[in-house]
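Undergrad: Got a structure for you, written out below as C-alpha cells; questions coming shortly.
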Amino acid sequence: MSVFNYERKIEDNANAKCTEPFGTLCKLMERDGYCVEAQELHIILLIYHYSANNKEAIEYHLRKVVELAYAHDLLFALADAESYYADAVNAILREYPASFAERIHKISRKIYDNFARFAEKTFRTNVYERLSKSDYRYVFYAIEGFSNKQVANMCSVSERTVSKKYNDIYCELGVHSKQELVEKMGTAFGKKA
C-alpha cells in the first residue's frame, strides 16, 4: 500500500485518538504490518517535536519507537535514537526487561564506536586532500612544538610569513589556534597533542 493510500485513510479516520495526521499514518502503517516504516516516521516526528520543544509529543513518539522495537525486534533505529535522547530512552527502557535494554545499549555503543572510527577515517582522508606538502611541513613543526620564530629560521622566511601560513592552514582545517591544530592533526596522525 502506498503512502498516498494511507493519506486517504487518514481523511476517513477522523475519530483517531492521535490528532495529528502523521500520527494516524503511523497507526495505520503499524496495523497493516509496515512496522519499520512506522518506526521511521515516529523518529521523524520525534525530531520535529524536539525542535519545537513539545515534550508530550516527544515522549509519545519515543514510546512508540520503543514499543515497535520491542514488539518486532526493530532495535537499530532505537539504538541510534538512544545516542541522541539517552535520558528519555533510558527512562522508558526501565519499563522493559533488562535484557532488552542491554541489547539496545550494546547496539548503541557499537553504532557510536563505528561512527567514531568512520569519522576519524573521513577526517584523515579529507585532510590529505586539503593540505599541500608545504602545509604538512608547518603542521609537523607545530606538532613538534616549534615556535613561529624557530619555524621562520628553519624555513628562511619571516615570522609574519609563518604566521600567515598557519592562519591559512587554520582556515583550511576549521581550527582557530596552533593548539587546536596540534590537537586535531596530532590525533589524525596518531600522535598525542
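Residue numbering restarts at 1 in every chain; chains get A, B, ... in the order shown in the C-alpha cells, and ligands count up from 1 in that same order.
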Quick one: which segment 97-153 of chain A residues come within 12 Å of segment 162-175 of chain A, and what is the nearest atom pair for each with the distance in Å to one decimal, counting only C-alpha atoms, rows ordered by chain and ascending number, as JSON lines?
TA:
```
{"residue": "A:Phe123", "atom": "CA", "partner": "A:Leu173", "partner_atom": "CA", "distance": 9.8}
{"residue": "A:Arg124", "atom": "CA", "partner": "A:Leu173", "partner_atom": "CA", "distance": 11.2}
{"residue": "A:Asn126", "atom": "CA", "partner": "A:Leu173", "partner_atom": "CA", "distance": 9.4}
{"residue": "A:Val127", "atom": "CA", "partner": "A:Leu173", "partner_atom": "CA", "distance": 7.5}
{"residue": "A:Tyr128", "atom": "CA", "partner": "A:Leu173", "partner_atom": "CA", "distance": 10.8}
{"residue": "A:Glu129", "atom": "CA", "partner": "A:Glu172", "partner_atom": "CA", "distance": 10.7}
{"residue": "A:Arg130", "atom": "CA", "partner": "A:Glu172", "partner_atom": "CA", "distance": 7.0}
{"residue": "A:Leu131", "atom": "CA", "partner": "A:Ile169", "partner_atom": "CA", "distance": 7.7}
{"residue": "A:Ser132", "atom": "CA", "partner": "A:Ile169", "partner_atom": "CA", "distance": 9.6}
{"residue": "A:Lys133", "atom": "CA", "partner": "A:Ile169", "partner_atom": "CA", "distance": 11.8}
{"residue": "A:Ser134", "atom": "CA", "partner": "A:Lys165", "partner_atom": "CA", "distance": 9.3}
{"residue": "A:Asp135", "atom": "CA", "partner": "A:Ile169", "partner_atom": "CA", "distance": 6.8}
{"residue": "A:Tyr136", "atom": "CA", "partner": "A:Ile169", "partner_atom": "CA", "distance": 9.3}
{"residue": "A:Arg137", "atom": "CA", "partner": "A:Lys165", "partner_atom": "CA", "distance": 10.8}
{"residue": "A:Tyr138", "atom": "CA", "partner": "A:Tyr166", "partner_atom": "CA", "distance": 7.4}
{"residue": "A:Val139", "atom": "CA", "partner": "A:Tyr166", "partner_atom": "CA", "distance": 8.3}
{"residue": "A:Phe140", "atom": "CA", "partner": "A:Tyr166", "partner_atom": "CA", "distance": 11.6}
{"residue": "A:Tyr141", "atom": "CA", "partner": "A:Tyr166", "partner_atom": "CA", "distance": 10.6}
{"residue": "A:Ala142", "atom": "CA", "partner": "A:Tyr166", "partner_atom": "CA", "distance": 9.1}
{"residue": "A:Phe146", "atom": "CA", "partner": "A:Val162", "partner_atom": "CA", "distance": 11.4}
{"residue": "A:Ser147", "atom": "CA", "partner": "A:Val162", "partner_atom": "CA", "distance": 9.7}
{"residue": "A:Asn148", "atom": "CA", "partner": "A:Val162", "partner_atom": "CA", "distance": 6.2}
{"residue": "A:Lys149", "atom": "CA", "partner": "A:Val162", "partner_atom": "CA", "distance": 8.2}
{"residue": "A:Gln150", "atom": "CA", "partner": "A:Val162", "partner_atom": "CA", "distance": 9.8}
{"residue": "A:Val151", "atom": "CA", "partner": "A:Val162", "partner_atom": "CA", "distance": 7.1}
{"residue": "A:Ala152", "atom": "CA", "partner": "A:Val162", "partner_atom": "CA", "distance": 6.1}
{"residue": "A:Asn153", "atom": "CA", "partner": "A:Val162", "partner_atom": "CA", "distance": 9.9}
```
Undergrad: Pull the helix (DSSP H, G or I) assignments for chain A out of DSSP run on the backbone, and list those residues as a PDB file with C-alpha atoms, in the first residue's frame.
TA:
```
ATOM      1  CA  VAL A   3       1.631   6.414   1.355  1.00  0.00           C
ATOM      2  CA  PHE A   4      -0.998   8.123  -0.805  1.00  0.00           C
ATOM      3  CA  ASN A   5      -3.497   5.396   0.054  1.00  0.00           C
ATOM      4  CA  TYR A   6      -2.702   5.982   3.720  1.00  0.00           C
ATOM      5  CA  GLU A   7      -3.353   9.704   3.285  1.00  0.00           C
ATOM      6  CA  ARG A   8      -6.850   8.911   2.027  1.00  0.00           C
ATOM      7  CA  LYS A   9      -7.449   6.662   5.015  1.00  0.00           C
ATOM      8  CA  ILE A  10      -6.358   9.456   7.356  1.00  0.00           C
ATOM      9  CA  GLU A  11      -9.090  11.673   5.967  1.00  0.00           C
ATOM     10  CA  ASP A  12     -11.626   8.899   6.510  1.00  0.00           C
ATOM     11  CA  PRO A  21      -2.287  13.269  10.622  1.00  0.00           C
ATOM     12  CA  PHE A  22       1.175  11.698  10.649  1.00  0.00           C
ATOM     13  CA  GLY A  23       0.474  10.043  13.989  1.00  0.00           C
ATOM     14  CA  THR A  24      -2.598   8.500  12.394  1.00  0.00           C
ATOM     15  CA  LEU A  25      -0.482   7.463   9.433  1.00  0.00           C
ATOM     16  CA  CYS A  26       1.885   5.701  11.862  1.00  0.00           C
ATOM     17  CA  LYS A  27      -1.044   3.822  13.424  1.00  0.00           C
ATOM     18  CA  LEU A  28      -2.329   2.724  10.013  1.00  0.00           C
ATOM     19  CA  MET A  29       1.144   1.559   8.978  1.00  0.00           C
ATOM     20  CA  GLU A  30       1.546  -0.424  12.199  1.00  0.00           C
ATOM     21  CA  ARG A  31      -1.878  -2.005  11.752  1.00  0.00           C
ATOM     22  CA  CYS A  35       6.345  -1.510  11.277  1.00  0.00           C
ATOM     23  CA  VAL A  36       9.776  -0.449  10.064  1.00  0.00           C
ATOM     24  CA  GLU A  37       8.266   2.444   8.138  1.00  0.00           C
ATOM     25  CA  ALA A  38       6.058   3.383  11.086  1.00  0.00           C
ATOM     26  CA  GLN A  39       9.051   3.391  13.400  1.00  0.00           C
ATOM     27  CA  GLU A  40      10.994   5.612  10.981  1.00  0.00           C
ATOM     28  CA  LEU A  41       8.065   8.024  10.785  1.00  0.00           C
ATOM     29  CA  HIS A  42       7.822   8.114  14.588  1.00  0.00           C
ATOM     30  CA  ILE A  43      11.506   9.048  14.694  1.00  0.00           C
ATOM     31  CA  ILE A  44      10.983  11.811  12.132  1.00  0.00           C
ATOM     32  CA  LEU A  45       8.075  13.134  14.192  1.00  0.00           C
ATOM     33  CA  LEU A  46      10.183  12.845  17.339  1.00  0.00           C
ATOM     34  CA  ILE A  47      12.862  15.033  15.752  1.00  0.00           C
ATOM     35  CA  TYR A  48      10.253  17.522  14.575  1.00  0.00           C
ATOM     36  CA  HIS A  49       8.682  17.801  18.028  1.00  0.00           C
ATOM     37  CA  TYR A  50      12.110  18.002  19.643  1.00  0.00           C
ATOM     38  CA  SER A  51      12.897  21.077  17.556  1.00  0.00           C
ATOM     39  CA  LYS A  55       7.716  17.353  25.403  1.00  0.00           C
ATOM     40  CA  GLU A  56       4.432  15.452  25.397  1.00  0.00           C
ATOM     41  CA  ALA A  57       4.718  14.600  21.694  1.00  0.00           C
ATOM     42  CA  ILE A  58       8.412  13.735  22.095  1.00  0.00           C
ATOM     43  CA  GLU A  59       7.605  11.209  24.801  1.00  0.00           C
ATOM     44  CA  TYR A  60       4.680   9.772  22.817  1.00  0.00           C
ATOM     45  CA  HIS A  61       6.741   9.157  19.677  1.00  0.00           C
ATOM     46  CA  LEU A  62       9.737   7.891  21.621  1.00  0.00           C
ATOM     47  CA  ARG A  63       7.488   5.423  23.431  1.00  0.00           C
ATOM     48  CA  LYS A  64       6.116   4.255  20.082  1.00  0.00           C
ATOM     49  CA  VAL A  65       9.655   3.734  18.775  1.00  0.00           C
ATOM     50  CA  VAL A  66      10.453   1.628  21.857  1.00  0.00           C
ATOM     51  CA  GLU A  67       7.183  -0.336  21.594  1.00  0.00           C
ATOM     52  CA  LEU A  68       7.852  -1.179  17.948  1.00  0.00           C
ATOM     53  CA  ALA A  69      11.434  -2.123  18.729  1.00  0.00           C
ATOM     54  CA  TYR A  70      10.322  -4.465  21.479  1.00  0.00           C
ATOM     55  CA  ALA A  71       7.359  -5.984  19.648  1.00  0.00           C
ATOM     56  CA  HIS A  72       9.053  -6.512  16.291  1.00  0.00           C
ATOM     57  CA  LEU A  75      16.438  -2.466  17.508  1.00  0.00           C
ATOM     58  CA  PHE A  76      18.710  -0.446  15.225  1.00  0.00           C
ATOM     59  CA  ALA A  77      16.599   2.735  14.983  1.00  0.00           C
ATOM     60  CA  LEU A  78      16.013   2.761  18.740  1.00  0.00           C
ATOM     61  CA  ALA A  79      19.711   2.215  19.440  1.00  0.00           C
ATOM     62  CA  ASP A  80      20.529   5.107  17.124  1.00  0.00           C
ATOM     63  CA  ALA A  81      17.906   7.305  18.819  1.00  0.00           C
ATOM     64  CA  GLU A  82      19.408   6.437  22.204  1.00  0.00           C
ATOM     65  CA  SER A  83      22.592   8.267  21.282  1.00  0.00           C
ATOM     66  CA  TYR A  84      20.565  11.485  20.857  1.00  0.00           C
ATOM     67  CA  ALA A  86      19.746   8.907  26.070  1.00  0.00           C
ATOM     68  CA  ASP A  87      17.976  10.061  29.242  1.00  0.00           C
ATOM     69  CA  ALA A  88      14.488   9.794  27.763  1.00  0.00           C
ATOM     70  CA  VAL A  89      15.162   6.400  26.157  1.00  0.00           C
ATOM     71  CA  ASN A  90      16.695   5.026  29.352  1.00  0.00           C
ATOM     72  CA  ALA A  91      13.686   6.195  31.393  1.00  0.00           C
ATOM     73  CA  ILE A  92      11.344   4.329  29.048  1.00  0.00           C
ATOM     74  CA  LEU A  93      13.581   1.254  28.862  1.00  0.00           C
ATOM     75  CA  ALA A  98      16.718  -5.646  31.407  1.00  0.00           C
ATOM     76  CA  SER A  99      17.876  -7.966  28.618  1.00  0.00           C
ATOM     77  CA  PHE A 100      16.046  -5.812  26.054  1.00  0.00           C
ATOM     78  CA  ALA A 101      17.597  -2.619  27.436  1.00  0.00           C
ATOM     79  CA  GLU A 102      21.060  -4.195  27.389  1.00  0.00           C
ATOM     80  CA  ARG A 103      20.644  -5.221  23.737  1.00  0.00           C
ATOM     81  CA  ILE A 104      19.748  -1.611  22.880  1.00  0.00           C
ATOM     82  CA  HIS A 105      22.727  -0.242  24.832  1.00  0.00           C
ATOM     83  CA  LYS A 106      25.083  -2.716  23.188  1.00  0.00           C
ATOM     84  CA  ILE A 107      23.923  -1.806  19.661  1.00  0.00           C
ATOM     85  CA  SER A 108      24.026   1.895  20.539  1.00  0.00           C
ATOM     86  CA  ARG A 109      27.651   1.604  21.701  1.00  0.00           C
ATOM     87  CA  LYS A 110      28.527  -0.293  18.544  1.00  0.00           C
ATOM     88  CA  ILE A 111      26.906   2.388  16.351  1.00  0.00           C
ATOM     89  CA  TYR A 112      28.777   5.111  18.223  1.00  0.00           C
ATOM     90  CA  ASP A 113      32.136   3.295  18.041  1.00  0.00           C
ATOM     91  CA  ASN A 114      31.735   2.560  14.323  1.00  0.00           C
ATOM     92  CA  PHE A 115      30.715   6.159  13.621  1.00  0.00           C
ATOM     93  CA  ALA A 116      33.733   7.450  15.562  1.00  0.00           C
ATOM     94  CA  ARG A 117      36.075   5.234  13.503  1.00  0.00           C
ATOM     95  CA  PHE A 118      34.361   6.274  10.263  1.00  0.00           C
ATOM     96  CA  ALA A 119      34.572   9.967  11.196  1.00  0.00           C
ATOM     97  CA  GLU A 120      38.260   9.641  12.007  1.00  0.00           C
ATOM     98  CA  LYS A 121      38.999   7.900   8.684  1.00  0.00           C
ATOM     99  CA  THR A 122      36.967  10.510   6.797  1.00  0.00           C
ATOM    100  CA  PHE A 123      38.825  13.293   8.562  1.00  0.00           C
ATOM    101  CA  ARG A 124      42.168  11.761   7.647  1.00  0.00           C
ATOM    102  CA  THR A 125      41.179  11.407   4.006  1.00  0.00           C
ATOM    103  CA  ASN A 126      39.848  14.945   3.782  1.00  0.00           C
ATOM    104  CA  VAL A 127      42.928  16.385   5.460  1.00  0.00           C
ATOM    105  CA  TYR A 128      45.227  14.679   2.970  1.00  0.00           C
ATOM    106  CA  GLU A 129      43.266  16.211   0.110  1.00  0.00           C
ATOM    107  CA  ARG A 130      43.176  19.728   1.563  1.00  0.00           C
ATOM    108  CA  LYS A 133      53.236  19.322   1.130  1.00  0.00           C
ATOM    109  CA  SER A 134      54.347  22.710   2.408  1.00  0.00           C
ATOM    110  CA  ASP A 135      51.334  22.807   4.743  1.00  0.00           C
ATOM    111  CA  TYR A 136      52.288  19.411   6.130  1.00  0.00           C
ATOM    112  CA  ARG A 137      55.757  20.683   6.952  1.00  0.00           C
ATOM    113  CA  TYR A 138      54.241  23.514   9.001  1.00  0.00           C
ATOM    114  CA  VAL A 139      51.814  21.126  10.687  1.00  0.00           C
ATOM    115  CA  PHE A 140      54.754  18.869  11.590  1.00  0.00           C
ATOM    116  CA  TYR A 141      56.604  21.823  13.125  1.00  0.00           C
ATOM    117  CA  ALA A 142      53.503  22.722  15.158  1.00  0.00           C
ATOM    118  CA  ILE A 143      53.071  19.133  16.417  1.00  0.00           C
ATOM    119  CA  GLU A 144      56.758  19.037  17.360  1.00  0.00           C
ATOM    120  CA  ASN A 148      56.843  30.648  14.875  1.00  0.00           C
ATOM    121  CA  LYS A 149      60.289  32.215  15.292  1.00  0.00           C
ATOM    122  CA  GLN A 150      62.005  28.802  15.152  1.00  0.00           C
ATOM    123  CA  VAL A 151      59.938  27.805  12.103  1.00  0.00           C
ATOM    124  CA  ALA A 152      60.854  31.111  10.403  1.00  0.00           C
ATOM    125  CA  ASN A 153      64.554  30.423  10.994  1.00  0.00           C
ATOM    126  CA  MET A 154      64.310  26.834   9.703  1.00  0.00           C
ATOM    127  CA  CYS A 155      62.405  27.887   6.561  1.00  0.00           C
ATOM    128  CA  GLU A 159      57.755  35.314  11.274  1.00  0.00           C
ATOM    129  CA  ARG A 160      54.940  37.186   9.548  1.00  0.00           C
ATOM    130  CA  THR A 161      55.073  34.684   6.635  1.00  0.00           C
ATOM    131  CA  VAL A 162      54.946  31.792   9.114  1.00  0.00           C
ATOM    132  CA  SER A 163      52.003  33.388  10.924  1.00  0.00           C
ATOM    133  CA  LYS A 164      50.151  33.877   7.620  1.00  0.00           C
ATOM    134  CA  LYS A 165      50.858  30.267   6.619  1.00  0.00           C
ATOM    135  CA  TYR A 166      49.427  28.999   9.916  1.00  0.00           C
ATOM    136  CA  ASN A 167      46.346  31.214   9.531  1.00  0.00           C
ATOM    137  CA  ASP A 168      45.757  29.736   6.057  1.00  0.00           C
ATOM    138  CA  ILE A 169      46.082  26.213   7.491  1.00  0.00           C
ATOM    139  CA  TYR A 170      43.685  27.086  10.358  1.00  0.00           C
ATOM    140  CA  CYS A 171      41.089  28.278   7.850  1.00  0.00           C
ATOM    141  CA  GLU A 172      41.511  25.174   5.711  1.00  0.00           C
ATOM    142  CA  LEU A 173      41.048  22.828   8.694  1.00  0.00           C
ATOM    143  CA  LYS A 178      48.011  26.364  16.947  1.00  0.00           C
ATOM    144  CA  GLN A 179      46.859  24.353  19.977  1.00  0.00           C
ATOM    145  CA  GLU A 180      43.664  23.297  18.134  1.00  0.00           C
ATOM    146  CA  LEU A 181      45.754  22.446  15.071  1.00  0.00           C
ATOM    147  CA  VAL A 182      48.057  20.267  17.163  1.00  0.00           C
ATOM    148  CA  GLU A 183      45.111  18.531  18.853  1.00  0.00           C
ATOM    149  CA  LYS A 184      43.316  17.875  15.577  1.00  0.00           C
ATOM    150  CA  MET A 185      46.253  16.855  13.450  1.00  0.00           C
ATOM    151  CA  GLY A 186      48.119  15.052  16.220  1.00  0.00           C
ATOM    152  CA  THR A 187      45.087  12.815  16.702  1.00  0.00           C
ATOM    153  CA  ALA A 188      44.653  12.297  12.969  1.00  0.00           C
TER     154      ALA A 188
END
```
